[in-house]
Amino acid sequence: MNRTCIFFFLLLSICAPFSSQGFAYAGANPLRVYVANFGADYVSVIDVEKNVKIADVKTGRKPHGVAFSIAGEHVFVSNEGDDTVSVIDTHYNKVVKQIKVGKSPNQLAVTQDGKWIYVTNHDSGTVSVIDAGKLEVADEVKVGAWPHIVMPSFDGKRLFVTCEKDQTIVSIDLSNRKVIDEIFLYGFPRVMVVSQDDKKIYQTMRWLHGVLAVDLGKKKVSQWAELNHASKFPTDGAASHGLALSPDGKYLYVTSQILNDVSVIDVSNFAIVKEIPVGQNPNWIEFTPDGKSAYVSNTDSSSISVIDTGKGQVISTISVGSKPKRLAVGVI
């Protein structure tokens with residue numbers, strides 16, 4: 001190597017940008033997991049390739065929901081304790097903006113076109129609409145009492161919101177942001193996921209140790225699966241909570257907060273085909289895009305369980321902050 005090359009190599013090494021945690025951005029589109037630590041006021045960042053925590057990013061009070069921008073340059077975090085959404089630059093793991101929203105924001109989701117972020121405000125009965133380009137609130141939609149989970153349809157035309165106190169799933173037309181429908185569930189809805197054909201919503205419910213399938217055409221429950229019996233009584237109805245649909249659409253993974261495991265359900269017949277022990281009080285679960293791994297937040301263990309879906313077992317446990325809740329997997 002000649003002197004000129006050595007000089008430029010050293011110059012690039014000195015000038016390489018580093019995050020506040022001391023990690024340089026490699027620029028190779030790595031896969032990351034961002035975990036909201038509800039009891040620690042920061043988000044933990046996990047390197048998927050190595051399954052190690054590489055950073056902690058200070059957000060707001062009681063971070064709850066997490067979502068990636070479509071391009072992966074930002075992660076959005078709803079902070080239940082101070083009514084804000086933190087915008088994290090994923091290249092440097094640094095908060096670049098705090099956006100004021102409604103009271104007690106819970107979950108949030110990015111629309112399929114990447115232009116809008118929808119945030120449920122639990123104590124306001126509204127959904128805040130954030131312009132993803134301007135990073136500011138552009139609108140607010142009244143939905144009902146205690147909105148919790150928000151999720152767009154795959155066709156990009158509708159947005160679904162669970163309203164816990166009203167016991168409903170509300171449907172919003174994204175073309176005009178008007179509520180167009182609601183489905184009454186006769187119970188307290190927790191977490192939902194939409195099927196890839198937009199025909200069903202899979203839904204966990206308070207007091208139900210299992211999962212429902214809601215037919216969106218008929219607007220009623222069409223199937224249900226009960227998880228295996230547990231002798232432990234579900235405190236305040238906390239039985240099953242988080243769920244995720246495998247990328248191939250064939251299996252539901254459902255967390256049990258009383259058995260401390262994940263049940264794998266075949267959606268073709270709603271039968272349990274596998275139970276995978278994880279940590280204490282598993283809250284949320286997300287797949288990697290290839291479906292080979294699933295990440296589970298364990299609220300009472302302050303850890304993340306990494307499931308190898310082919311082996312059907314946990315292959316790694318990663319310590320994070322206090323009371324991890326939501327997590328999101330994405331490419332930065």
# chains A, B, ... in the order shown; residues from 1 in each chain; ligands from 1
$ residues_around --residues "region 109-121 of chain A" --least-positions-apart "4" --cutoff "9 Å" --atoms "only C-alpha atoms" --output "PDB file with N, CA and C atoms, in the first residue's frame"
ATOM      1  N   GLY A  65     -44.614   1.292  22.381  1.00  0.00           N
ATOM      2  CA  GLY A  65     -44.664   0.725  21.033  1.00  0.00           C
ATOM      3  C   GLY A  65     -43.412   1.034  20.238  1.00  0.00           C
ATOM      4  N   VAL A  66     -43.126   0.189  19.240  1.00  0.00           N
ATOM      5  CA  VAL A  66     -41.953   0.355  18.382  1.00  0.00           C
ATOM      6  C   VAL A  66     -42.336   0.023  16.945  1.00  0.00           C
ATOM      7  N   ALA A  67     -41.857   0.836  15.988  1.00  0.00           N
ATOM      8  CA  ALA A  67     -42.101   0.546  14.571  1.00  0.00           C
ATOM      9  C   ALA A  67     -40.985   1.131  13.723  1.00  0.00           C
ATOM     10  N   PHE A  68     -40.608   0.405  12.673  1.00  0.00           N
ATOM     11  CA  PHE A  68     -39.613   0.867  11.715  1.00  0.00           C
ATOM     12  C   PHE A  68     -40.274   1.692  10.620  1.00  0.00           C
ATOM     13  N   SER A  69     -39.542   2.689  10.122  1.00  0.00           N
ATOM     14  CA  SER A  69     -39.945   3.331   8.870  1.00  0.00           C
ATOM     15  C   SER A  69     -39.741   2.321   7.746  1.00  0.00           C
ATOM     16  N   ILE A  70     -40.384   2.557   6.611  1.00  0.00           N
ATOM     17  CA  ILE A  70     -40.301   1.613   5.502  1.00  0.00           C
ATOM     18  C   ILE A  70     -38.865   1.454   5.002  1.00  0.00           C
ATOM     19  N   ALA A  71     -38.137   2.560   4.914  1.00  0.00           N
ATOM     20  CA  ALA A  71     -36.749   2.507   4.433  1.00  0.00           C
ATOM     21  C   ALA A  71     -35.771   2.080   5.514  1.00  0.00           C
ATOM     22  N   PHE A  76     -39.606   4.464  15.296  1.00  0.00           N
ATOM     23  CA  PHE A  76     -40.519   5.319  16.052  1.00  0.00           C
ATOM     24  C   PHE A  76     -40.915   4.603  17.336  1.00  0.00           C
ATOM     25  N   SER A  78     -43.307   4.979  20.868  1.00  0.00           N
ATOM     26  CA  SER A  78     -44.317   5.712  21.635  1.00  0.00           C
ATOM     27  C   SER A  78     -43.957   5.661  23.115  1.00  0.00           C
ATOM     28  N   GLU A  80     -45.381   6.175  26.668  1.00  0.00           N
ATOM     29  CA  GLU A  80     -46.646   6.271  27.395  1.00  0.00           C
ATOM     30  C   GLU A  80     -46.582   7.267  28.543  1.00  0.00           C
ATOM     31  N   ASP A  83     -46.366  11.141  26.770  1.00  0.00           N
ATOM     32  CA  ASP A  83     -47.239  11.474  25.643  1.00  0.00           C
ATOM     33  C   ASP A  83     -46.460  11.954  24.412  1.00  0.00           C
ATOM     34  N   VAL A  85     -43.763  10.652  20.891  1.00  0.00           N
ATOM     35  CA  VAL A  85     -43.150   9.634  20.038  1.00  0.00           C
ATOM     36  C   VAL A  85     -41.713  10.060  19.769  1.00  0.00           C
ATOM     37  N   VAL A 101     -47.971  13.768  21.105  1.00  0.00           N
ATOM     38  CA  VAL A 101     -49.196  13.151  20.598  1.00  0.00           C
ATOM     39  C   VAL A 101     -50.269  13.213  21.689  1.00  0.00           C
ATOM     40  N   GLY A 102     -51.224  12.265  21.686  1.00  0.00           N
ATOM     41  CA  GLY A 102     -52.275  12.257  22.696  1.00  0.00           C
ATOM     42  C   GLY A 102     -51.819  11.637  24.003  1.00  0.00           C
ATOM     43  N   LYS A 103     -52.786  11.376  24.867  1.00  0.00           N
ATOM     44  CA  LYS A 103     -52.469  10.882  26.209  1.00  0.00           C
ATOM     45  C   LYS A 103     -52.258   9.365  26.210  1.00  0.00           C
ATOM     46  N   SER A 104     -51.156   8.953  26.833  1.00  0.00           N
ATOM     47  CA  SER A 104     -50.797   7.537  26.997  1.00  0.00           C
ATOM     48  C   SER A 104     -50.758   6.784  25.667  1.00  0.00           C
ATOM     49  N   PRO A 105     -49.847   7.179  24.766  1.00  0.00           N
ATOM     50  CA  PRO A 105     -49.742   6.461  23.498  1.00  0.00           C
ATOM     51  C   PRO A 105     -49.275   5.026  23.716  1.00  0.00           C
ATOM     52  N   GLY A 125     -58.665   8.359  23.602  1.00  0.00           N
ATOM     53  CA  GLY A 125     -59.654   7.769  22.712  1.00  0.00           C
ATOM     54  C   GLY A 125     -59.441   8.145  21.259  1.00  0.00           C
ATOM     55  N   THR A 126     -58.192   8.435  20.897  1.00  0.00           N
ATOM     56  CA  THR A 126     -57.886   8.897  19.546  1.00  0.00           C
ATOM     57  C   THR A 126     -56.683   8.160  18.964  1.00  0.00           C
ATOM     58  N   VAL A 127     -56.515   8.366  17.662  1.00  0.00           N
ATOM     59  CA  VAL A 127     -55.309   7.929  16.955  1.00  0.00           C
ATOM     60  C   VAL A 127     -54.658   9.157  16.347  1.00  0.00           C
ATOM     61  N   SER A 128     -53.405   9.410  16.705  1.00  0.00           N
ATOM     62  CA  SER A 128     -52.664  10.521  16.103  1.00  0.00           C
ATOM     63  C   SER A 128     -52.066  10.068  14.777  1.00  0.00           C
ATOM     64  N   VAL A 129     -52.090  10.972  13.797  1.00  0.00           N
ATOM     65  CA  VAL A 129     -51.548  10.691  12.465  1.00  0.00           C
ATOM     66  C   VAL A 129     -50.310  11.565  12.265  1.00  0.00           C
ATOM     67  N   ILE A 130     -49.143  10.930  12.144  1.00  0.00           N
ATOM     68  CA  ILE A 130     -47.887  11.654  11.982  1.00  0.00           C
ATOM     69  C   ILE A 130     -47.438  11.577  10.532  1.00  0.00           C
ATOM     70  N   ASP A 131     -47.091  12.714   9.965  1.00  0.00           N
ATOM     71  CA  ASP A 131     -46.508  12.776   8.631  1.00  0.00           C
ATOM     72  C   ASP A 131     -45.067  12.270   8.730  1.00  0.00           C
ATOM     73  N   ALA A 132     -44.762  11.143   8.070  1.00  0.00           N
ATOM     74  CA  ALA A 132     -43.443  10.526   8.208  1.00  0.00           C
ATOM     75  C   ALA A 132     -42.345  11.345   7.544  1.00  0.00           C
ATOM     76  N   GLY A 133     -42.706  12.221   6.603  1.00  0.00           N
ATOM     77  CA  GLY A 133     -41.715  13.073   5.972  1.00  0.00           C
ATOM     78  C   GLY A 133     -41.399  14.299   6.813  1.00  0.00           C
ATOM     79  N   TRP A 146     -60.211   3.614  25.017  1.00  0.00           N
ATOM     80  CA  TRP A 146     -59.001   2.847  25.279  1.00  0.00           C
ATOM     81  C   TRP A 146     -58.436   2.171  24.025  1.00  0.00           C
ATOM     82  N   PRO A 147     -58.148   2.921  22.977  1.00  0.00           N
ATOM     83  CA  PRO A 147     -57.499   2.316  21.819  1.00  0.00           C
ATOM     84  C   PRO A 147     -56.109   1.808  22.188  1.00  0.00           C
ATOM     85  N   HIS A 148     -55.776   0.627  21.691  1.00  0.00           N
ATOM     86  CA  HIS A 148     -54.550  -0.031  22.146  1.00  0.00           C
ATOM     87  C   HIS A 148     -53.636  -0.433  20.994  1.00  0.00           C
ATOM     88  N   ILE A 149     -54.103  -1.343  20.149  1.00  0.00           N
ATOM     89  CA  ILE A 149     -53.288  -1.839  19.040  1.00  0.00           C
ATOM     90  C   ILE A 149     -53.787  -1.247  17.727  1.00  0.00           C
ATOM     91  N   VAL A 150     -52.857  -0.907  16.848  1.00  0.00           N
ATOM     92  CA  VAL A 150     -53.196  -0.370  15.532  1.00  0.00           C
ATOM     93  C   VAL A 150     -52.413  -1.149  14.482  1.00  0.00           C
ATOM     94  N   MET A 151     -53.092  -1.490  13.381  1.00  0.00           N
ATOM     95  CA  MET A 151     -52.436  -2.280  12.335  1.00  0.00           C
ATOM     96  C   MET A 151     -53.091  -2.017  10.986  1.00  0.00           C
ATOM     97  N   PRO A 152     -52.284  -1.693   9.954  1.00  0.00           N
ATOM     98  CA  PRO A 152     -52.845  -1.481   8.619  1.00  0.00           C
ATOM     99  C   PRO A 152     -53.121  -2.792   7.909  1.00  0.00           C
ATOM    100  N   SER A 153     -54.084  -2.764   6.987  1.00  0.00           N
ATOM    101  CA  SER A 153     -54.335  -3.923   6.143  1.00  0.00           C
ATOM    102  C   SER A 153     -53.200  -4.056   5.129  1.00  0.00           C
ATOM    103  N   PHE A 154     -53.053  -5.251   4.554  1.00  0.00           N
ATOM    104  CA  PHE A 154     -51.987  -5.478   3.584  1.00  0.00           C
ATOM    105  C   PHE A 154     -52.239  -4.730   2.272  1.00  0.00           C
ATOM    106  N   ASP A 155     -53.507  -4.491   1.933  1.00  0.00           N
ATOM    107  CA  ASP A 155     -53.796  -3.769   0.698  1.00  0.00           C
ATOM    108  C   ASP A 155     -53.650  -2.257   0.846  1.00  0.00           C
ATOM    109  N   GLY A 156     -53.365  -1.801   2.080  1.00  0.00           N
ATOM    110  CA  GLY A 156     -53.120  -0.384   2.315  1.00  0.00           C
ATOM    111  C   GLY A 156     -54.350   0.487   2.332  1.00  0.00           C
ATOM    112  N   LEU A 159     -57.227   0.646   8.175  1.00  0.00           N
ATOM    113  CA  LEU A 159     -56.451   0.572   9.403  1.00  0.00           C
ATOM    114  C   LEU A 159     -57.352  -0.006  10.485  1.00  0.00           C
ATOM    115  N   VAL A 161     -58.026  -0.880  14.564  1.00  0.00           N
ATOM    116  CA  VAL A 161     -57.673  -0.422  15.911  1.00  0.00           C
ATOM    117  C   VAL A 161     -58.501  -1.193  16.924  1.00  0.00           C
TER     118      VAL A 161
END
$ select_by_dssp --residues "region 70-152 of chain A" --states "strand (DSSP E or B)" --output "NGL selection string"
:A and (74-79 or 84-89 or 94-100 or 105-110 or 116-121 or 126-131 or 136-142 or 147-152)
$ closest_residue --among "A:Ala238, A:Ile258, A:Val77, A:Val96" --to "Arg206 (chain A)" --atoms "only C-alpha atoms"
A:Ala238
$ closest_residue --among "A:Leu108, A:Ile180, A:Ile172, A:Leu252" --to "Phe270 (chain A)" --atoms "only C-alpha atoms"
A:Leu252
$ residues_around --residues "Arg326 (chain A)" --least-positions-apart "4" --cutoff "8 Å" --atoms "only C-alpha atoms" --output "JSON list (two decimals) with C-alpha atoms, in the first residue's frame"
[["chain", "number", "residue", "atom", "x", "y", "z"],
["A", 35, "VAL", "CA", -36.93, -3.35, 22.14],
["A", 36, "ALA", "CA", -38.95, -0.89, 24.25],
["A", 64, "HIS", "CA", -44.34, 1.19, 24.81],
["A", 65, "GLY", "CA", -44.66, 0.73, 21.03],
["A", 66, "VAL", "CA", -41.95, 0.35, 18.38],
["A", 283, "ASN", "CA", -45.25, -10.01, 26.00],
["A", 284, "TRP", "CA", -44.50, -9.57, 22.31],
["A", 285, "ILE", "CA", -43.18, -11.60, 19.38],
["A", 297, "SER", "CA", -39.81, -10.03, 24.88]]
$ closest_residue --among "A:Asn106, A:Ser305, A:Thr84, A:Thr168" --to "Glu136 (chain A)" --atoms "only C-alpha atoms"
A:Thr84
$ atom_distance --atom1 "CA of Asp139 (chain A)" --atom2 "CA of Gly217 (chain A)"
28.5 Å
